[in-house]
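Data file: input.cif. Format and content: mmCIF, C-alpha atoms and all ligand atoms.
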```cif
data_final
loop_
_atom_site.label_atom_id
_atom_site.label_comp_id
_atom_site.auth_asym_id
_atom_site.auth_seq_id
_atom_site.Cartn_x
_atom_site.Cartn_y
_atom_site.Cartn_z
CA MET Y 1 94.47 93.29 100.69
CA MET Y 2 90.85 92.62 101.56
CA LEU Y 3 87.86 94.16 103.27
CA LEU Y 4 88.24 93.20 106.96
CA VAL Y 5 85.21 94.82 108.56
CA THR Y 6 82.52 97.43 108.00
CA SER Y 7 80.75 99.34 110.76
CA ARG Y 8 78.87 102.57 111.45
CA LEU Y 9 80.62 105.79 112.50
CA PRO Y 10 78.62 108.82 113.67
CA SER Y 11 80.74 111.99 113.52
CA PRO Y 12 80.39 115.80 113.55
CA TRP Y 13 80.50 115.49 109.76
CA GLY Y 14 77.59 113.07 109.54
CA THR Y 15 77.21 109.35 109.94
CA TYR Y 16 79.55 107.24 107.85
CA SER Y 17 80.00 103.67 106.89
CA ILE Y 18 83.54 102.87 108.06
CA SER Y 19 85.55 100.00 106.62
CA ALA Y 20 89.02 98.63 107.19
CA PHE Y 21 91.08 97.16 104.36
CA GLY Y 22 94.26 95.15 104.83
CA LEU Y 23 95.46 91.70 105.65
CA GLU Y 24 93.81 89.64 108.38
CA GLY Y 25 95.31 90.65 111.72
CA ASP Y 26 96.48 93.99 110.32
CA ARG Y 27 96.93 96.52 113.14
CA PHE Y 28 97.15 99.48 110.78
CA PRO Y 29 94.60 98.90 108.03
CA HIS Y 30 93.62 101.49 105.44
CA ILE Y 31 90.34 103.13 106.43
CA VAL Y 32 87.43 104.05 104.17
CA LEU Y 33 84.63 106.37 105.26
CA HIS Y 34 81.70 106.94 102.95
CA ARG Y 35 78.24 108.42 103.09
CA GLY Y 36 75.57 109.29 100.56
CA ILE Y 37 77.17 107.58 97.58
CA GLU Y 38 74.74 104.71 97.02
CA GLY Y 39 72.92 106.51 94.19
CA ALA Y 40 76.16 107.30 92.39
CA LEU Y 41 77.36 103.72 92.77
CA GLU Y 42 74.13 102.44 91.22
CA SER Y 43 74.08 104.90 88.33
CA GLY Y 44 77.82 104.99 87.71
CA ALA Y 45 77.92 108.76 88.33
CA PRO Y 46 81.21 110.20 89.61
CA VAL Y 47 81.85 109.90 93.36
CA ASP Y 48 83.50 112.72 95.33
CA VAL Y 49 86.68 111.14 96.72
CA ARG Y 50 89.47 112.30 99.00
CA ILE Y 51 92.56 110.10 99.13
CA HIS Y 52 94.34 111.17 102.29
CA SER Y 53 97.66 109.84 103.51
CA GLU Y 54 97.91 109.52 107.26
CA CYS Y 55 99.59 112.40 109.06
CA MET Y 56 99.18 111.84 112.77
CA THR Y 57 100.67 115.18 113.76
CA GLY Y 58 98.39 117.07 111.39
CA ASP Y 59 95.25 114.91 111.47
CA VAL Y 60 95.13 114.27 115.22
CA PHE Y 61 97.13 117.08 116.82
CA ALA Y 62 96.37 119.86 114.31
CA SER Y 63 100.05 120.50 113.65
CA GLN Y 64 100.65 123.77 111.90
CA ARG Y 65 103.73 122.44 110.13
CA CYS Y 66 101.49 121.15 107.37
CA ASP Y 67 97.94 121.52 106.11
CA CYS Y 68 96.90 117.85 106.39
CA GLY Y 69 94.47 118.17 109.29
CA GLU Y 70 92.79 121.12 107.68
CA GLN Y 71 92.48 119.31 104.35
CA LEU Y 72 91.05 116.23 106.07
CA HIS Y 73 88.40 118.25 107.87
CA HIS Y 74 87.64 120.25 104.73
CA ALA Y 75 86.99 116.97 102.91
CA LEU Y 76 84.76 115.61 105.68
CA ASP Y 77 82.83 118.87 105.70
CA HIS Y 78 82.37 118.50 101.93
CA PHE Y 79 81.12 114.93 102.40
CA LYS Y 80 78.72 116.08 105.10
CA ARG Y 81 77.09 118.38 102.56
CA HIS Y 82 77.50 116.43 99.32
CA GLY Y 83 78.31 112.84 100.28
CA GLY Y 84 81.49 111.11 99.20
CA MET Y 85 84.31 108.79 100.15
CA LEU Y 86 87.47 109.25 102.21
CA ILE Y 87 90.24 106.75 101.56
CA TYR Y 88 92.67 107.08 104.47
CA LEU Y 89 95.97 105.46 103.56
CA ARG Y 90 98.41 104.44 106.28
CA GLN Y 91 101.49 105.97 104.71
CA GLU Y 92 102.61 108.45 107.31
CA GLY Y 93 105.11 111.12 106.36
CA ARG Y 94 104.94 110.57 102.58
CA GLY Y 95 105.59 106.90 103.25
CA ILE Y 96 108.64 107.23 105.53
CA GLY Y 97 106.83 106.69 108.84
CA LEU Y 98 106.31 108.88 111.88
CA VAL Y 99 109.76 108.53 113.43
CA GLU Y 100 111.58 109.52 110.24
CA LYS Y 101 109.09 112.33 109.69
CA LEU Y 102 109.87 113.80 113.11
CA ARG Y 103 113.59 113.51 112.35
CA ALA Y 104 112.93 115.33 109.09
CA TYR Y 105 111.21 118.10 111.06
CA ASN Y 106 114.48 118.67 112.89
CA LEU Y 107 116.31 118.97 109.56
CA GLN Y 108 113.64 121.40 108.40
CA ASP Y 109 114.18 123.49 111.50
CA GLY Y 110 117.82 123.53 110.35
CA GLY Y 111 116.80 125.10 107.04
CA LEU Y 112 115.95 122.30 104.59
CA ASN Y 113 112.53 122.10 102.94
CA THR Y 114 110.31 119.03 103.35
CA TYR Y 115 111.60 117.31 100.20
CA GLU Y 116 115.28 118.14 100.83
CA ALA Y 117 114.96 116.81 104.38
CA ASN Y 118 113.57 113.48 103.16
CA ALA Y 119 116.29 113.25 100.52
CA ALA Y 120 118.98 114.04 103.10
CA MET Y 121 117.83 110.99 105.08
CA GLY Y 122 118.01 108.76 102.01
CA HIS Y 123 114.30 108.70 101.20
CA GLY Y 124 112.62 109.65 97.97
CA GLU Y 125 111.00 113.06 97.75
CA ASP Y 126 107.66 111.33 97.95
CA ASP Y 127 107.35 107.59 98.64
CA ARG Y 128 103.56 107.54 98.61
CA GLN Y 129 101.80 104.90 96.52
CA TYR Y 130 98.23 104.98 95.34
CA THR Y 131 97.80 101.39 94.16
CA ASP Y 132 95.90 100.44 97.32
CA ALA Y 133 93.55 103.39 96.76
CA VAL Y 134 92.96 102.16 93.21
CA ASP Y 135 92.19 98.66 94.56
CA ILE Y 136 89.77 100.14 97.11
CA LEU Y 137 87.96 102.14 94.41
CA ALA Y 138 87.71 98.94 92.37
CA HIS Y 139 86.26 97.12 95.38
CA TYR Y 140 83.40 99.64 95.45
CA LYS Y 141 83.18 99.57 91.64
CA VAL Y 142 83.90 103.31 91.51
CA LYS Y 143 85.15 104.04 88.00
CA SER Y 144 84.71 107.79 87.93
CA VAL Y 145 85.65 110.33 90.59
CA ARG Y 146 85.73 114.01 91.42
CA LEU Y 147 88.98 114.19 93.33
CA LEU Y 148 89.37 116.48 96.33
CA THR Y 149 93.04 117.42 96.09
CA ASN Y 150 95.53 120.15 95.32
CA ASN Y 151 98.03 117.58 94.09
CA PRO Y 152 97.96 117.05 90.32
CA LEU Y 153 100.17 113.94 90.66
CA LYS Y 154 97.41 112.14 92.57
CA GLY Y 155 94.97 112.62 89.69
CA LYS Y 156 97.62 111.41 87.25
CA ALA Y 157 98.29 108.29 89.34
CA LEU Y 158 94.59 107.43 89.31
CA LYS Y 159 94.17 108.16 85.60
CA SER Y 160 97.11 105.96 84.69
CA ALA Y 161 95.44 103.17 86.70
CA GLY Y 162 92.26 103.53 84.63
CA VAL Y 163 90.16 105.64 87.02
CA ASP Y 164 88.28 108.44 85.29
CA VAL Y 165 89.05 111.71 87.12
CA VAL Y 166 86.33 114.00 85.79
CA GLU Y 167 87.09 116.95 88.04
CA ARG Y 168 89.56 118.21 90.62
CA ILE Y 169 87.96 119.92 93.61
CA PRO Y 170 90.52 122.16 95.35
CA VAL Y 171 90.98 121.68 99.09
CA ILE Y 172 91.58 125.08 100.54
CA GLY Y 173 93.86 125.35 103.55
CA THR Y 174 95.08 128.32 105.50
CA GLU Y 175 98.63 129.57 105.24
CA THR Y 176 100.24 130.14 108.63
CA ALA Y 177 103.69 131.38 109.63
CA GLU Y 178 104.59 127.78 110.47
CA ASN Y 179 103.44 126.13 107.24
CA ALA Y 180 104.25 128.85 104.68
CA ASP Y 181 107.60 127.30 103.67
CA TYR Y 182 106.04 123.83 103.51
CA LEU Y 183 103.24 125.02 101.24
CA LYS Y 184 105.70 126.89 99.03
CA ALA Y 185 107.87 123.78 98.66
CA LYS Y 186 104.85 121.69 97.66
CA LYS Y 187 103.89 124.31 95.09
CA ASP Y 188 107.40 124.70 93.65
CA ILE Y 189 108.43 121.07 93.56
CA THR Y 190 105.35 119.00 92.77
CA GLY Y 191 103.20 121.70 91.21
CA HIS Y 192 100.57 121.71 93.92
CA LEU Y 193 97.71 124.02 93.07
CA PHE Y 194 96.13 126.09 95.78
ZN ZN C 201 100.79 116.64 107.54
#
```
In structure tokens, what does this structure look like?
Ligand SMILES: [Zn+2]
Amino acid sequence: MMLLVTSRLPSPWGTYSISAFGLEGDRFPHIVLHRGIEGALESGAPVDVRIHSECMTGDVFASQRCDCGEQLHHALDHFKRHGGMLIYLRQEGRGIGLVEKLRAYNLQDGGLNTYEANAAMGHGEDDRQYTDAVDILAHYKVKSVRLLTNNPLKGKALKSAGVDVVERIPVIGTETAENADYLKAKKDITGHLF
């Protein structure tokens, strides 16, 4: 994996440097947005980081089956005010891809929770990997982070890869009738903190 291109991205949440990481010719590279982190990079101070796995239905279409879109926008709003880095990993549907995720939605409408549905289709409960995120942090020489997440496993994955996670910043989402079961399953099974 390598840095393929860097450009400028003005957004409602401020102007970002946007970079794509992957292999040359990659159509679905990982994306990094960052703003206001130059001082921290120079001094070695912790950088506010959100590692977000792609969820097209949530991120783009504001699906109420999950809280991904809301978490993404919460993080960008945080970066608008405090600066920071978004690492957007192309591992849709906890790594099973969009088609399988939509099939899992049908199983969920039949009564299974998000993890049971993935397992019923022969996938792991959570196939997401964070090694590419660790490589991206290393590219920017970020050794210390304040992690925007509700998922304690993400912090553990980074710590075990040698990244210093000095603080966890909760990402508050809204519970809706549609996502209540999903949020409960995340809390019960992986110990998500809300
Ligand atoms: Zn989602």
Quiz prompt | Exercise answer, 9 Å around ligand ZN 201 (chain C) with all atoms listed in the file, as a list in words | solution =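 Answer in the requested format: Ser53, Glu54, Cys55, Met56, Thr57, Gly58, Asp59, Ala62, Ser63, Gln64, Arg65, Cys66, Asp67, Cys68, Gly69, Glu92, Gly93 and Arg94 of chain Y.
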Exercise. Measuring atom to atom with only C-alpha atoms, identify which of Y:Leu4, Y:Arg103, Y:Phe79, Y:Leu158 is nearest to Y:Arg27.
Key: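 Among Y:Leu4, Y:Arg103, Y:Phe79, Y:Leu158, it is Y:Leu4 that comes nearest to Y:Arg27.
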Output, as JSON, the centre and edge lengths in Å (one decimal) of the axis-aligned box that contains all listed atoms of stretch 145-162 of chain Y with 3 Å of margin on each side.
```
{"center_x": 92.9, "center_y": 111.7, "center_z": 90.5, "size_x": 20.5, "size_y": 23.0, "size_z": 17.7}
```
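What separates atom CA of Y:Lys156 from atom CA of Y:Tyr105 is a distance of 28.2 Å.
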Quiz item: Distance atom CA of Y:Arg8-atom CA of Y:Lys143, one decimal place?
Solution: 24.3 Å
How close does each residue of stretch 38-144 of chain Y get to stretch 161-174 of chain Y, giving the shortest atom pair and distance in Å to one decimal for every residue with an atom at most 10 Å away, counting only C-alpha atoms, sorted by chain and residue number, as JSON lines?
```
{"residue": "Y:Pro46", "atom": "CA", "partner": "Y:Val166", "partner_atom": "CA", "distance": 7.4}
{"residue": "Y:Val47", "atom": "CA", "partner": "Y:Val165", "partner_atom": "CA", "distance": 9.7}
{"residue": "Y:Asp48", "atom": "CA", "partner": "Y:Ile169", "partner_atom": "CA", "distance": 8.6}
{"residue": "Y:Val49", "atom": "CA", "partner": "Y:Ile169", "partner_atom": "CA", "distance": 9.4}
{"residue": "Y:Arg50", "atom": "CA", "partner": "Y:Ile169", "partner_atom": "CA", "distance": 9.5}
{"residue": "Y:Gln64", "atom": "CA", "partner": "Y:Thr174", "partner_atom": "CA", "distance": 9.6}
{"residue": "Y:Cys66", "atom": "CA", "partner": "Y:Gly173", "partner_atom": "CA", "distance": 9.5}
{"residue": "Y:Asp67", "atom": "CA", "partner": "Y:Gly173", "partner_atom": "CA", "distance": 6.2}
{"residue": "Y:Cys68", "atom": "CA", "partner": "Y:Gly173", "partner_atom": "CA", "distance": 8.6}
{"residue": "Y:Gly69", "atom": "CA", "partner": "Y:Gly173", "partner_atom": "CA", "distance": 9.2}
{"residue": "Y:Glu70", "atom": "CA", "partner": "Y:Gly173", "partner_atom": "CA", "distance": 6.0}
{"residue": "Y:Gln71", "atom": "CA", "partner": "Y:Val171", "partner_atom": "CA", "distance": 6.0}
{"residue": "Y:Leu72", "atom": "CA", "partner": "Y:Val171", "partner_atom": "CA", "distance": 8.9}
{"residue": "Y:His73", "atom": "CA", "partner": "Y:Val171", "partner_atom": "CA", "distance": 9.8}
{"residue": "Y:His74", "atom": "CA", "partner": "Y:Val171", "partner_atom": "CA", "distance": 6.7}
{"residue": "Y:Ala75", "atom": "CA", "partner": "Y:Val171", "partner_atom": "CA", "distance": 7.3}
{"residue": "Y:His78", "atom": "CA", "partner": "Y:Val171", "partner_atom": "CA", "distance": 9.6}
{"residue": "Y:Tyr130", "atom": "CA", "partner": "Y:Ala161", "partner_atom": "CA", "distance": 9.3}
{"residue": "Y:Thr131", "atom": "CA", "partner": "Y:Ala161", "partner_atom": "CA", "distance": 8.0}
{"residue": "Y:Val134", "atom": "CA", "partner": "Y:Ala161", "partner_atom": "CA", "distance": 7.0}
{"residue": "Y:Asp135", "atom": "CA", "partner": "Y:Ala161", "partner_atom": "CA", "distance": 9.6}
{"residue": "Y:Leu137", "atom": "CA", "partner": "Y:Val163", "partner_atom": "CA", "distance": 8.5}
{"residue": "Y:Ala138", "atom": "CA", "partner": "Y:Val163", "partner_atom": "CA", "distance": 8.9}
{"residue": "Y:Val142", "atom": "CA", "partner": "Y:Val163", "partner_atom": "CA", "distance": 8.0}
{"residue": "Y:Lys143", "atom": "CA", "partner": "Y:Val163", "partner_atom": "CA", "distance": 5.3}
{"residue": "Y:Ser144", "atom": "CA", "partner": "Y:Asp164", "partner_atom": "CA", "distance": 4.5}
```
Practice problem: Take atom CA of Y:Tyr88 and atom CA of Y:Ile31 and report the distance between them in Å, one decimal. | Solution: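 According to the coordinates, atom CA of Y:Tyr88 and atom CA of Y:Ile31 are separated by 5.0 Å.
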Practice problem: List the residues sitting within 12 Å of (80.9, 99.5, 108.9) in the file's frame, using all atoms listed in the file, as a list in words. | Solution: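 Residues found, by chain and rising number: Leu3, Leu4, Val5, Thr6, Ser7, Arg8, Leu9, Pro10, Thr15, Tyr16, Ser17, Ile18, Ser19, Ala20, Phe21, Ile31, Val32, Leu33, His34 and Arg35 of chain Y.
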Quiz item: Which residue gives the smallest distance to Y:Leu147 among Y:Met85, Y:Leu112, Y:Leu107, Y:Ala119, with all atoms listed in the file counted?
Solution: Y:Met85
Quiz item: Which is closest to Y:Arg146 among Y:His82, Y:Lys184, Y:His192, Y:Arg90, if we use only C-alpha atoms?
Solution: Y:His82
Self-check item: Option closest in space to Y:Gly124, from Y:Gly95, Y:Gly14, Y:Gly44, Y:Gly25 [counting all atoms listed in the file]
Solution: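 Looking only at the distances to Y:Gly124, the closest residue turns out to be Y:Gly95.
The smallest atom-to-atom distance between Y:Gln91 and any of Y:Tyr115, Y:Phe61, Y:Tyr140, Y:Phe28, using all atoms listed in the file, is found for Y:Phe28.
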Quiz item: Quick one: of Y:Asp109, Y:Asp132, Y:Asp77, Y:Asp127, who's nearest to Y:Gly97, counting only C-alpha atoms?
Solution: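 Selected residue with least distance to Y:Gly97: Y:Asp127.
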